[in-house]
>>> print(open('work_7.txt').read())   # compact mmCIF, C-alpha atoms and all ligand atoms
# COMPACT_ATOMS: atom_id res chain seq x y z
CA MET A 1 12.71 10.44 -9.49
CA ALA A 2 13.22 8.02 -6.62
CA SER A 3 15.13 4.88 -7.52
CA SER A 4 12.95 1.79 -7.62
CA ALA A 5 15.81 -0.03 -5.85
CA ALA A 6 14.90 2.07 -2.81
CA GLY A 7 11.67 0.04 -2.52
CA CYS A 8 8.07 1.15 -2.62
CA VAL A 9 5.85 2.97 -0.17
CA VAL A 10 2.76 1.21 1.17
CA ILE A 11 -0.30 3.11 2.37
CA VAL A 12 -2.51 1.15 4.76
CA GLY A 13 -5.97 2.75 4.73
CA SER A 14 -7.00 4.68 1.62
CA GLY A 15 -9.30 7.33 3.10
CA VAL A 16 -8.74 11.09 3.22
CA ILE A 17 -5.20 10.97 4.61
CA GLY A 18 -4.07 7.80 2.82
CA ARG A 19 -5.00 9.35 -0.55
CA SER A 20 -3.05 12.52 0.21
CA TRP A 21 0.03 10.55 1.24
CA ALA A 22 -0.23 8.48 -1.96
CA MET A 23 -0.24 11.66 -4.05
CA LEU A 24 2.68 13.12 -2.15
CA PHE A 25 4.83 10.00 -2.45
CA ALA A 26 4.01 9.64 -6.16
CA GLY A 27 4.88 13.31 -6.58
CA GLY A 28 8.28 12.46 -5.10
CA GLY A 29 8.69 9.71 -7.70
CA PHE A 30 8.02 6.73 -5.41
CA GLN A 31 6.10 3.59 -6.33
CA VAL A 32 3.01 3.54 -4.07
CA LYS A 33 0.82 0.58 -3.15
CA LEU A 34 -2.56 1.38 -1.65
CA TYR A 35 -4.05 -1.22 0.69
CA ASP A 36 -7.43 -1.06 2.41
CA ILE A 37 -9.69 -3.54 4.15
CA GLU A 38 -12.49 -2.36 1.81
CA GLN A 39 -11.83 -3.13 -1.87
CA GLN A 40 -14.26 -0.41 -2.89
CA GLN A 41 -12.25 2.15 -0.91
CA ILE A 42 -9.16 1.32 -2.97
CA ARG A 43 -11.14 1.78 -6.19
CA ASN A 44 -12.61 5.06 -4.90
CA ALA A 45 -9.18 6.26 -3.84
CA LEU A 46 -7.59 5.53 -7.23
CA GLU A 47 -10.43 7.31 -9.00
CA SER A 48 -10.37 10.37 -6.77
CA ILE A 49 -6.56 10.60 -6.95
CA ARG A 50 -6.79 10.51 -10.77
CA LYS A 51 -9.38 13.32 -10.80
CA GLU A 52 -7.48 15.45 -8.32
CA MET A 53 -4.11 15.04 -10.02
CA LYS A 54 -5.58 16.02 -13.38
CA LEU A 55 -7.17 19.14 -11.85
CA LEU A 56 -3.95 20.04 -10.07
CA GLU A 57 -2.00 19.62 -13.30
CA GLN A 58 -4.43 21.88 -15.17
CA ALA A 59 -4.08 24.47 -12.40
CA GLY A 60 -0.27 24.21 -12.52
CA ALA A 61 -0.30 23.06 -8.90
CA LEU A 62 0.77 19.42 -9.28
CA LYS A 63 3.75 18.60 -7.08
CA GLY A 64 6.94 17.01 -8.34
CA SER A 65 8.61 16.93 -11.73
CA LEU A 66 6.52 14.10 -13.24
CA SER A 67 3.29 14.59 -15.19
CA ALA A 68 -0.02 13.55 -13.65
CA GLU A 69 -0.10 10.49 -15.91
CA GLU A 70 3.44 9.50 -14.91
CA GLN A 71 2.57 9.89 -11.23
CA LEU A 72 -0.65 7.92 -11.65
CA CYS A 73 1.35 5.07 -13.17
CA LEU A 74 3.31 4.87 -9.93
CA ILE A 75 0.20 4.25 -7.78
CA SER A 76 -1.54 0.89 -7.67
CA GLY A 77 -4.05 -0.79 -5.42
CA CYS A 78 -3.27 -4.03 -3.62
CA PRO A 79 -5.99 -6.06 -1.88
CA ASN A 80 -3.54 -8.23 0.08
CA ILE A 81 -1.44 -6.72 2.87
CA GLN A 82 1.24 -9.41 2.74
CA GLU A 83 1.78 -8.83 -0.99
CA ALA A 84 1.60 -5.07 -0.54
CA VAL A 85 4.45 -4.88 1.96
CA GLU A 86 6.82 -7.10 -0.02
CA GLY A 87 9.87 -5.00 -0.90
CA ALA A 88 8.50 -1.94 0.90
CA MET A 89 10.86 0.61 2.39
CA HIS A 90 8.18 2.69 4.15
CA ILE A 91 4.68 1.79 5.35
CA GLN A 92 2.36 4.66 6.22
CA GLU A 93 -0.62 3.55 8.30
CA CYS A 94 -3.76 5.67 7.79
CA VAL A 95 -6.63 3.69 9.34
CA PRO A 96 -9.22 5.37 11.61
CA GLU A 97 -8.11 6.85 14.93
CA ASP A 98 -8.77 3.79 17.10
CA LEU A 99 -5.95 2.51 19.31
CA GLU A 100 -7.02 -1.14 19.26
CA LEU A 101 -7.45 -1.17 15.48
CA LYS A 102 -4.07 0.46 14.91
CA LYS A 103 -2.38 -1.91 17.38
CA LYS A 104 -3.87 -4.83 15.51
CA ILE A 105 -2.54 -3.49 12.19
CA PHE A 106 0.94 -2.89 13.60
CA ALA A 107 1.03 -6.35 15.19
CA GLN A 108 0.14 -7.82 11.79
CA LEU A 109 2.77 -5.74 10.03
CA ASP A 110 5.33 -6.60 12.73
CA SER A 111 4.93 -10.29 11.91
CA ILE A 112 5.50 -9.90 8.17
CA VAL A 113 8.06 -7.11 7.66
CA ASP A 114 11.86 -7.26 7.47
CA ASP A 115 14.36 -5.33 9.60
CA ARG A 116 14.68 -2.40 7.23
CA VAL A 117 11.22 -1.06 6.50
CA ILE A 118 9.91 1.96 8.43
CA LEU A 119 6.55 1.45 10.15
CA SER A 120 4.94 4.87 10.36
CA SER A 121 1.56 5.95 11.75
CA SER A 122 -0.46 9.01 10.72
CA THR A 123 -2.16 9.13 14.12
CA SER A 124 -3.25 12.57 15.29
CA CYS A 125 -3.04 11.92 18.99
CA LEU A 126 -2.26 8.33 19.94
CA MET A 127 0.97 7.96 21.88
CA PRO A 128 3.77 5.97 20.20
CA SER A 129 4.45 4.20 23.52
CA LYS A 130 0.89 2.75 23.36
CA LEU A 131 0.74 2.23 19.62
CA PHE A 132 4.01 0.33 19.22
CA ALA A 133 4.22 -1.36 22.65
CA GLY A 134 5.73 -4.84 22.49
CA LEU A 135 6.52 -4.88 18.77
CA VAL A 136 9.61 -6.80 17.67
CA HIS A 137 10.37 -4.05 15.14
CA VAL A 138 9.78 -1.17 17.56
CA LYS A 139 13.11 0.44 16.55
CA GLN A 140 11.63 0.92 13.06
CA CYS A 141 8.40 2.53 14.33
CA ILE A 142 7.52 6.21 14.32
CA VAL A 143 4.53 8.54 14.17
CA ALA A 144 4.54 10.85 11.13
CA HIS A 145 1.53 13.08 11.78
CA PRO A 146 0.47 15.16 8.77
CA VAL A 147 -1.73 18.24 8.85
CA ASN A 148 -4.96 18.19 6.90
CA PRO A 149 -4.92 18.70 3.94
CA PRO A 150 -1.39 17.26 3.69
CA TYR A 151 -1.03 18.06 -0.01
CA TYR A 152 -1.25 21.77 0.81
CA ILE A 153 0.13 21.99 4.35
CA PRO A 154 3.69 20.64 4.42
CA LEU A 155 4.26 20.17 8.16
CA VAL A 156 4.75 16.61 9.42
CA GLU A 157 5.31 15.97 13.13
CA LEU A 158 7.73 13.09 13.70
CA VAL A 159 7.18 11.49 17.10
CA PRO A 160 9.33 8.54 18.17
CA HIS A 161 8.60 5.71 20.58
CA PRO A 162 11.21 5.77 23.40
CA GLU A 163 12.88 2.78 21.66
CA THR A 164 12.72 4.13 18.11
CA ALA A 165 16.19 4.05 16.55
CA PRO A 166 17.64 7.48 15.70
CA THR A 167 18.20 6.19 12.15
CA THR A 168 14.44 5.62 11.83
CA VAL A 169 13.81 9.26 12.69
CA ASP A 170 16.57 10.41 10.31
CA ARG A 171 15.34 8.24 7.46
CA THR A 172 11.74 9.38 7.88
CA HIS A 173 12.89 12.99 8.09
CA ALA A 174 14.86 12.60 4.86
CA LEU A 175 11.94 10.87 3.12
CA MET A 176 9.52 13.64 4.10
CA LYS A 177 11.92 16.27 2.75
CA LYS A 178 12.29 14.28 -0.45
CA ILE A 179 8.54 14.42 -1.10
CA GLY A 180 8.44 18.16 -0.39
CA GLN A 181 6.97 18.04 3.12
CA CYS A 182 8.40 19.89 6.10
CA PRO A 183 9.19 17.43 8.88
CA MET A 184 9.88 18.53 12.46
CA ARG A 185 11.11 16.35 15.33
CA VAL A 186 9.12 16.04 18.54
CA GLN A 187 11.87 14.90 20.92
CA LYS A 188 9.56 13.13 23.40
CA GLU A 189 5.95 12.06 23.08
CA VAL A 190 3.35 14.32 24.68
CA ALA A 191 -0.45 14.40 24.44
CA GLY A 192 -1.55 16.34 21.34
CA PHE A 193 2.06 16.43 20.07
CA VAL A 194 3.01 20.06 19.29
CA LEU A 195 0.63 21.36 16.63
CA ASN A 196 -2.54 20.42 18.46
CA ARG A 197 -1.20 21.68 21.80
CA LEU A 198 -0.65 25.10 20.23
CA GLN A 199 -3.99 24.91 18.45
CA TYR A 200 -5.81 24.02 21.66
CA ALA A 201 -4.09 26.79 23.61
CA ILE A 202 -5.47 29.27 21.07
CA ILE A 203 -8.93 27.67 20.96
CA SER A 204 -9.05 27.66 24.72
CA GLU A 205 -8.36 31.40 25.11
CA ALA A 206 -10.61 32.23 22.12
CA TRP A 207 -13.45 30.35 23.83
CA ARG A 208 -12.92 32.10 27.18
CA LEU A 209 -12.86 35.54 25.54
CA VAL A 210 -16.12 34.86 23.69
CA GLU A 211 -17.74 33.19 26.71
CA GLU A 212 -16.91 36.17 28.91
CA GLY A 213 -18.44 38.56 26.35
CA ILE A 214 -15.14 40.34 25.73
CA VAL A 215 -15.31 39.88 21.99
CA SER A 216 -17.83 38.59 19.45
CA PRO A 217 -17.05 35.29 17.67
CA SER A 218 -16.55 37.00 14.30
CA ASP A 219 -14.25 39.69 15.73
CA LEU A 220 -12.29 37.00 17.54
CA ASP A 221 -11.70 35.23 14.22
CA LEU A 222 -10.61 38.52 12.64
CA VAL A 223 -7.83 38.80 15.22
CA MET A 224 -6.37 35.64 13.74
CA SER A 225 -7.26 35.93 10.01
CA GLU A 226 -6.33 39.62 9.67
CA GLY A 227 -3.73 39.87 12.43
CA LEU A 228 -1.85 37.23 14.31
CA GLY A 229 -2.36 34.56 11.66
CA MET A 230 -0.70 36.72 9.00
CA ARG A 231 2.40 36.99 11.12
CA TYR A 232 2.38 33.33 12.11
CA ALA A 233 2.06 32.26 8.47
CA PHE A 234 5.67 33.41 8.08
CA ILE A 235 7.37 33.27 11.45
CA GLY A 236 6.80 31.35 14.64
CA PRO A 237 6.09 32.75 18.10
CA LEU A 238 9.68 32.39 19.32
CA GLU A 239 11.07 34.08 16.23
CA THR A 240 8.47 36.82 16.71
CA MET A 241 9.75 37.41 20.25
CA HIS A 242 13.31 37.55 18.95
CA LEU A 243 12.42 40.11 16.27
CA ASN A 244 10.17 42.22 18.46
CA ALA A 245 13.17 43.43 20.48
CA GLU A 246 16.92 43.33 20.17
CA GLY A 247 16.91 39.56 20.38
CA MET A 248 15.31 37.08 22.75
CA LEU A 249 17.16 38.18 25.90
CA SER A 250 16.14 41.76 25.36
CA TYR A 251 12.51 40.68 24.69
CA CYS A 252 12.38 38.75 27.97
CA ASP A 253 13.97 41.63 29.89
CA ARG A 254 11.42 44.02 28.49
CA TYR A 255 8.21 42.03 28.28
CA SER A 256 8.27 38.95 30.51
CA GLU A 257 6.72 40.70 33.52
CA GLY A 258 3.93 42.10 31.36
CA MET A 259 3.31 38.71 29.76
CA LYS A 260 3.17 36.96 33.14
CA HIS A 261 0.74 39.59 34.42
CA VAL A 262 -1.62 38.87 31.50
CA LEU A 263 -1.09 35.08 31.62
CA LYS A 264 -2.14 35.02 35.28
CA THR A 265 -5.56 36.35 34.22
CA PHE A 266 -6.19 33.37 31.92
CA GLY A 267 -9.10 31.25 33.16
CA PRO A 268 -9.41 27.49 33.63
CA ILE A 269 -9.92 24.97 30.82
CA PRO A 270 -13.28 25.83 29.21
CA GLU A 271 -16.16 23.38 29.51
CA PHE A 272 -17.11 24.14 25.89
CA SER A 273 -20.65 24.59 27.11
CA ARG A 274 -23.69 24.22 24.88
CA ALA A 275 -24.68 27.84 25.60
CA THR A 276 -21.39 29.26 24.27
CA ALA A 277 -21.34 26.79 21.38
CA GLU A 278 -24.80 28.07 20.38
CA LYS A 279 -23.66 31.68 20.70
CA VAL A 280 -20.74 30.99 18.36
CA ASN A 281 -22.93 28.96 16.04
CA GLN A 282 -25.38 31.84 15.63
CA GLU A 283 -22.59 34.08 14.40
CA PRO A 284 -20.52 32.23 11.82
CA ALA A 285 -17.41 33.88 10.45
CA PRO A 286 -18.19 36.12 7.48
CA PRO A 287 -18.01 34.01 4.33
CA ARG A 288 -15.61 35.07 1.61
CA GLY A 289 -17.36 34.57 -1.75
CA PRO A 290 -20.83 33.08 -2.31
CA ALA A 291 -22.68 32.18 0.88
CA PRO A 292 -22.09 28.48 1.67
CA ALA A 293 -24.98 26.32 2.79
CA THR A 294 -23.13 24.46 5.54
CA PRO A 295 -20.01 24.97 7.68
CA ALA A 296 -18.31 22.16 5.72
CA GLU A 297 -18.98 23.98 2.44
CA GLN A 298 -17.69 27.19 4.00
CA ARG A 299 -14.47 25.40 5.03
CA ASP A 300 -14.03 23.93 1.55
CA SER A 301 -14.63 27.28 -0.14
CA MET A 302 -12.01 28.86 2.12
CA ASN A 303 -9.59 26.10 1.08
CA THR A 304 -9.85 27.16 -2.54
CA THR A 305 -10.10 30.93 -2.06
CA ARG A 306 -7.85 31.56 0.92
CA GLY A 307 -5.63 28.48 1.22
CA PRO A 308 -5.91 25.23 3.12
CA GLU A 309 -8.01 24.48 6.16
CA LEU A 310 -6.72 24.05 9.65
CA GLU A 311 -6.97 20.59 11.03
CA PRO A 312 -10.43 20.01 12.38
CA GLY A 313 -10.78 18.66 15.90
CA LEU A 314 -8.13 16.22 16.96
CA SER A 315 -6.94 15.57 13.44
P1 LIG A 401 -10.72 7.79 6.93
O1 LIG A 401 -11.85 7.28 7.74
O2 LIG A 401 -10.96 8.80 5.85
O3 LIG A 401 -9.95 6.56 6.25
C1 LIG A 401 -9.63 5.40 6.95
C2 LIG A 401 -9.45 4.26 5.96
O4 LIG A 401 -8.96 3.13 6.66
C3 LIG A 401 -10.76 3.83 5.27
O5 LIG A 401 -10.56 3.77 3.88
C4 LIG A 401 -11.03 2.44 5.86
O6 LIG A 401 -11.69 1.58 4.94
C5 LIG A 401 -9.61 1.98 6.13
N1 LIG A 401 -9.53 0.88 7.11
C6 LIG A 401 -10.30 0.67 8.21
N2 LIG A 401 -9.89 -0.46 8.84
C7 LIG A 401 -8.84 -0.93 8.13
C8 LIG A 401 -8.00 -2.07 8.28
N3 LIG A 401 -8.16 -2.94 9.29
N4 LIG A 401 -7.04 -2.27 7.36
C9 LIG A 401 -6.87 -1.41 6.32
N5 LIG A 401 -7.64 -0.32 6.13
C10 LIG A 401 -8.61 -0.08 7.02
O7 LIG A 401 -9.64 8.35 8.00
P2 LIG A 401 -8.61 9.55 7.80
O8 LIG A 401 -9.27 10.85 8.04
O9 LIG A 401 -7.88 9.34 6.52
O10 LIG A 401 -7.63 9.33 9.05
C11 LIG A 401 -6.64 8.33 9.04
C12 LIG A 401 -5.63 8.61 10.14
O11 LIG A 401 -5.00 9.87 9.88
C13 LIG A 401 -6.23 8.71 11.54
O12 LIG A 401 -5.35 8.18 12.47
C14 LIG A 401 -6.36 10.22 11.75
O13 LIG A 401 -6.32 10.60 13.11
C15 LIG A 401 -5.10 10.70 11.03
N6 LIG A 401 -5.19 12.09 10.59
C16 LIG A 401 -6.37 12.57 10.08
C17 LIG A 401 -6.45 13.90 9.69
C18 LIG A 401 -7.74 14.45 9.15
O14 LIG A 401 -7.95 15.65 9.25
N7 LIG A 401 -8.62 13.62 8.57
C19 LIG A 401 -5.29 14.80 9.80
C20 LIG A 401 -4.08 14.16 10.29
C21 LIG A 401 -4.05 12.85 10.68
>>> encode(input="work_7.txt", output="structure tokens", more="lines below")
Ligand code: NAI
Amino acid sequence: MASSAAGCVVIVGSGVIGRSWAMLFAGGGFQVKLYDIEQQQIRNALESIRKEMKLLEQAGALKGSLSAEEQLCLISGCPNIQEAVEGAMHIQECVPEDLELKKKIFAQLDSIVDDRVILSSSTSCLMPSKLFAGLVHVKQCIVAHPVNPPYYIPLVELVPHPETAPTTVDRTHALMKKIGQCPMRVQKEVAGFVLNRLQYAIISEAWRLVEEGIVSPSDLDLVMSEGLGMRYAFIGPLETMHLNAEGMLSYCDRYSEGMKHVLKTFGPIPEFSRATAEKVNQEPAPPRGPAPATPAEQRDSMNTTRGPELEPGLS
């Protein structure tokens, strides 16, 4: 269990992502204060966290060494941001993806925090240089981008502002490890960070292949769910290259010309036209289990039967 002397964690914004962070931090034994501009959202969050933790405990899938009841005792709501951040060691911002709103929140936090607390944003795609521009405590600021659903997908992308102190990155990295997540360091900010850049590269080529009539939408998805995805669930693309030959140098000697030949045939960025969207829409991926009524239900049923969802859209 985390020592209470370490200070508590504050979640600003108790929606989908804020709730998940609260559960993860409580699982790691941290005191968590949930703040939201909407009082009802805090009440909803506490209720849904209680339900979910109980279900997870029954299923033997609750994280951490504490019982659900012990973890629930660590989480409280706080309607006042100033009171919430008192004694905090880490503040995780989880308000909607709106640059001006987030800047306003960080400016407010900047004026009330001390020199030790970490100011962390869950943003999916806003650049730290924009988000934290001009803050007095910029050295303590970082993006810690989770992957939805964070309780099931451990990766967290850590993206610093150019002026973020290395100790801020190290402390956030250590904290993420402590709560059972898998942090990785993005050395310099870039649009889409790393996960979404890889995701969009795949979406882009998938779209072109379907648009050009080379493969049907459902067969395209099979290539990932029954092929490439199985491999990538265990090892990354660079490790795959390394293992597919006698090491990386040998892989490049053998295959780089062939790869470049294929890569040169890739088309431009797709327009994501209505016509192709309709074509894909008419042929949804084969459902596993009872037929869902909507794509959202299909996604949720896949979460429980096959594992967690990929991040939708820019998330
Ligand atoms: P959400 O819409 O579910 O929750 C946002 C919460 O912020 C709401 O409870 C709202 O009442 C609260 N809020 C709004 N203005 C506020 C203010 N001024 N002060 C305090 N609270 C305020 O949003 P969600 O999905 O949880 O996303 C939060 C952040 O996490 C976004 O930046 C998003 O890009 C990022 N993210 C989202 C993922 C997803 O798949 N949903 C995945 C990874 C990151």
>>> residues_around(input="work_7.txt", residues="region 101-115 of chain A", least_positions_apart="6", cutoff="10 Å", atoms="all atoms listed in the file", output="mmCIF file with C-alpha atoms, in the frame of the given file")
data_model
loop_
_atom_site.group_PDB
_atom_site.id
_atom_site.type_symbol
_atom_site.label_atom_id
_atom_site.label_comp_id
_atom_site.auth_asym_id
_atom_site.auth_seq_id
_atom_site.Cartn_x
_atom_site.Cartn_y
_atom_site.Cartn_z
ATOM 1 C CA VAL A 12 -2.510 1.150 4.760
ATOM 2 C CA ILE A 81 -1.440 -6.720 2.870
ATOM 3 C CA GLN A 82 1.240 -9.410 2.740
ATOM 4 C CA GLU A 83 1.780 -8.830 -0.990
ATOM 5 C CA VAL A 85 4.450 -4.880 1.960
ATOM 6 C CA GLU A 86 6.820 -7.100 -0.020
ATOM 7 C CA GLY A 87 9.870 -5.000 -0.900
ATOM 8 C CA ALA A 88 8.500 -1.940 0.900
ATOM 9 C CA MET A 89 10.860 0.610 2.390
ATOM 10 C CA ILE A 91 4.680 1.790 5.350
ATOM 11 C CA GLU A 93 -0.620 3.550 8.300
ATOM 12 C CA CYS A 94 -3.760 5.670 7.790
ATOM 13 C CA VAL A 95 -6.630 3.690 9.340
ATOM 14 C CA SER A 121 1.560 5.950 11.750
ATOM 15 C CA THR A 123 -2.160 9.130 14.120
ATOM 16 C CA LEU A 126 -2.260 8.330 19.940
ATOM 17 C CA LYS A 130 0.890 2.750 23.360
ATOM 18 C CA LEU A 131 0.740 2.230 19.620
ATOM 19 C CA PHE A 132 4.010 0.330 19.220
ATOM 20 C CA ALA A 133 4.220 -1.360 22.650
ATOM 21 C CA GLY A 134 5.730 -4.840 22.490
ATOM 22 C CA LEU A 135 6.520 -4.880 18.770
ATOM 23 C CA VAL A 136 9.610 -6.800 17.670
ATOM 24 C CA HIS A 137 10.370 -4.050 15.140
ATOM 25 C CA VAL A 138 9.780 -1.170 17.560
ATOM 26 C CA LYS A 139 13.110 0.440 16.550
ATOM 27 C CA GLN A 140 11.630 0.920 13.060
ATOM 28 C CA CYS A 141 8.400 2.530 14.330
#
>>> atom_distance(input="work_7.txt", atom1="CA of Pro79 (chain A)", atom2="atom O5 of ligand LIG 401 (chain A)")
12.3 Å
>>> residues_near_ligand(input="work_7.txt", ligand="ligand LIG 401 (chain A)", cutoff="9 Å", atoms="all atoms listed in the file", output="MDAnalysis selection string")
chainID A and resid 11:20 35:42 45 81 93:99 101:102 104:105 121:126 144:150 310:315
>>> residues_around(input="work_7.txt", residues="Ala22 (chain A)", least_positions_apart="3", cutoff="10 Å", atoms="only C-alpha atoms", output="PyMOL selection string")
chain A and resi 9-11+14+17-19+25-28+30-34+45-46+49+71-72+74-76+92+151
>>> write_last_selection(input="work_7.txt", atoms="C-alpha atoms", output="PDB file, in the frame of the given file")
ATOM      1  CA  VAL A   9       5.850   2.970  -0.170  1.00  0.00           C
ATOM      2  CA  VAL A  10       2.760   1.210   1.170  1.00  0.00           C
ATOM      3  CA  ILE A  11      -0.300   3.110   2.370  1.00  0.00           C
ATOM      4  CA  SER A  14      -7.000   4.680   1.620  1.00  0.00           C
ATOM      5  CA  ILE A  17      -5.200  10.970   4.610  1.00  0.00           C
ATOM      6  CA  GLY A  18      -4.070   7.800   2.820  1.00  0.00           C
ATOM      7  CA  ARG A  19      -5.000   9.350  -0.550  1.00  0.00           C
ATOM      8  CA  PHE A  25       4.830  10.000  -2.450  1.00  0.00           C
ATOM      9  CA  ALA A  26       4.010   9.640  -6.160  1.00  0.00           C
ATOM     10  CA  GLY A  27       4.880  13.310  -6.580  1.00  0.00           C
ATOM     11  CA  GLY A  28       8.280  12.460  -5.100  1.00  0.00           C
ATOM     12  CA  PHE A  30       8.020   6.730  -5.410  1.00  0.00           C
ATOM     13  CA  GLN A  31       6.100   3.590  -6.330  1.00  0.00           C
ATOM     14  CA  VAL A  32       3.010   3.540  -4.070  1.00  0.00           C
ATOM     15  CA  LYS A  33       0.820   0.580  -3.150  1.00  0.00           C
ATOM     16  CA  LEU A  34      -2.560   1.380  -1.650  1.00  0.00           C
ATOM     17  CA  ALA A  45      -9.180   6.260  -3.840  1.00  0.00           C
ATOM     18  CA  LEU A  46      -7.590   5.530  -7.230  1.00  0.00           C
ATOM     19  CA  ILE A  49      -6.560  10.600  -6.950  1.00  0.00           C
ATOM     20  CA  GLN A  71       2.570   9.890 -11.230  1.00  0.00           C
ATOM     21  CA  LEU A  72      -0.650   7.920 -11.650  1.00  0.00           C
ATOM     22  CA  LEU A  74       3.310   4.870  -9.930  1.00  0.00           C
ATOM     23  CA  ILE A  75       0.200   4.250  -7.780  1.00  0.00           C
ATOM     24  CA  SER A  76      -1.540   0.890  -7.670  1.00  0.00           C
ATOM     25  CA  GLN A  92       2.360   4.660   6.220  1.00  0.00           C
ATOM     26  CA  TYR A 151      -1.030  18.060  -0.010  1.00  0.00           C
TER      27      TYR A 151
END
>>> residues_around(input="work_7.txt", residues="Gly213 (chain A)", least_positions_apart="5", cutoff="10 Å", atoms="only C-alpha atoms", output="list in words")
Trp207, Arg208 and Thr276 of chain A
>>> closest_residue(input="work_7.txt", among="A:Ser65, A:Pro237, A:Glu283, A:Gly29", to="Leu175 (chain A)", atoms="all atoms listed in the file")
A:Gly29
>>> atom_distance(input="work_7.txt", atom1="CA of Gly258 (chain A)", atom2="CA of Ser216 (chain A)")
25.1 Å
>>> residues_around(input="work_7.txt", residues="region 192-202 of chain A", least_positions_apart="2", cutoff="8 Å", atoms="only C-alpha atoms", output="list in words")
Ser124, Cys125, Glu157, Val159, Val186, Glu189, Val190, Ser204, Glu205, Ala206 and Leu314 of chain A
>>> write_last_selection(input="work_7.txt", atoms="C-alpha atoms", output="PDB file, keeping the file's coordinate frame")
ATOM      1  CA  SER A 124      -3.250  12.570  15.290  1.00  0.00           C
ATOM      2  CA  CYS A 125      -3.040  11.920  18.990  1.00  0.00           C
ATOM      3  CA  GLU A 157       5.310  15.970  13.130  1.00  0.00           C
ATOM      4  CA  VAL A 159       7.180  11.490  17.100  1.00  0.00           C
ATOM      5  CA  VAL A 186       9.120  16.040  18.540  1.00  0.00           C
ATOM      6  CA  GLU A 189       5.950  12.060  23.080  1.00  0.00           C
ATOM      7  CA  VAL A 190       3.350  14.320  24.680  1.00  0.00           C
ATOM      8  CA  SER A 204      -9.050  27.660  24.720  1.00  0.00           C
ATOM      9  CA  GLU A 205      -8.360  31.400  25.110  1.00  0.00           C
ATOM     10  CA  ALA A 206     -10.610  32.230  22.120  1.00  0.00           C
ATOM     11  CA  LEU A 314      -8.130  16.220  16.960  1.00  0.00           C
TER      12      LEU A 314
END
>>> atom_distance(input="work_7.txt", atom1="CA of Tyr152 (chain A)", atom2="CA of Asp219 (chain A)")
26.7 Å
>>> residues_around(input="work_7.txt", residues="Pro160 (chain A)", least_positions_apart="5", cutoff="9 Å", atoms="only C-alpha atoms", output="PyMOL selection string")
chain A and resi 128-129+141-144+165-166+168-169+185-189
>>> axis_aligned_box(input="work_7.txt", around="region 142-155 of chain A", padding_each_side="5 Å", output="lines of an AutoDock Vina configuration file")
center_x = 1.3
center_y = 14.1
center_z = 7.2
size_x = 22.5
size_y = 25.8
size_z = 24.3
>>> closest_residue(input="work_7.txt", among="A:Pro162, A:Pro217, A:Gly267, A:Pro154", to="Met176 (chain A)", atoms="all atoms listed in the file")
A:Pro154
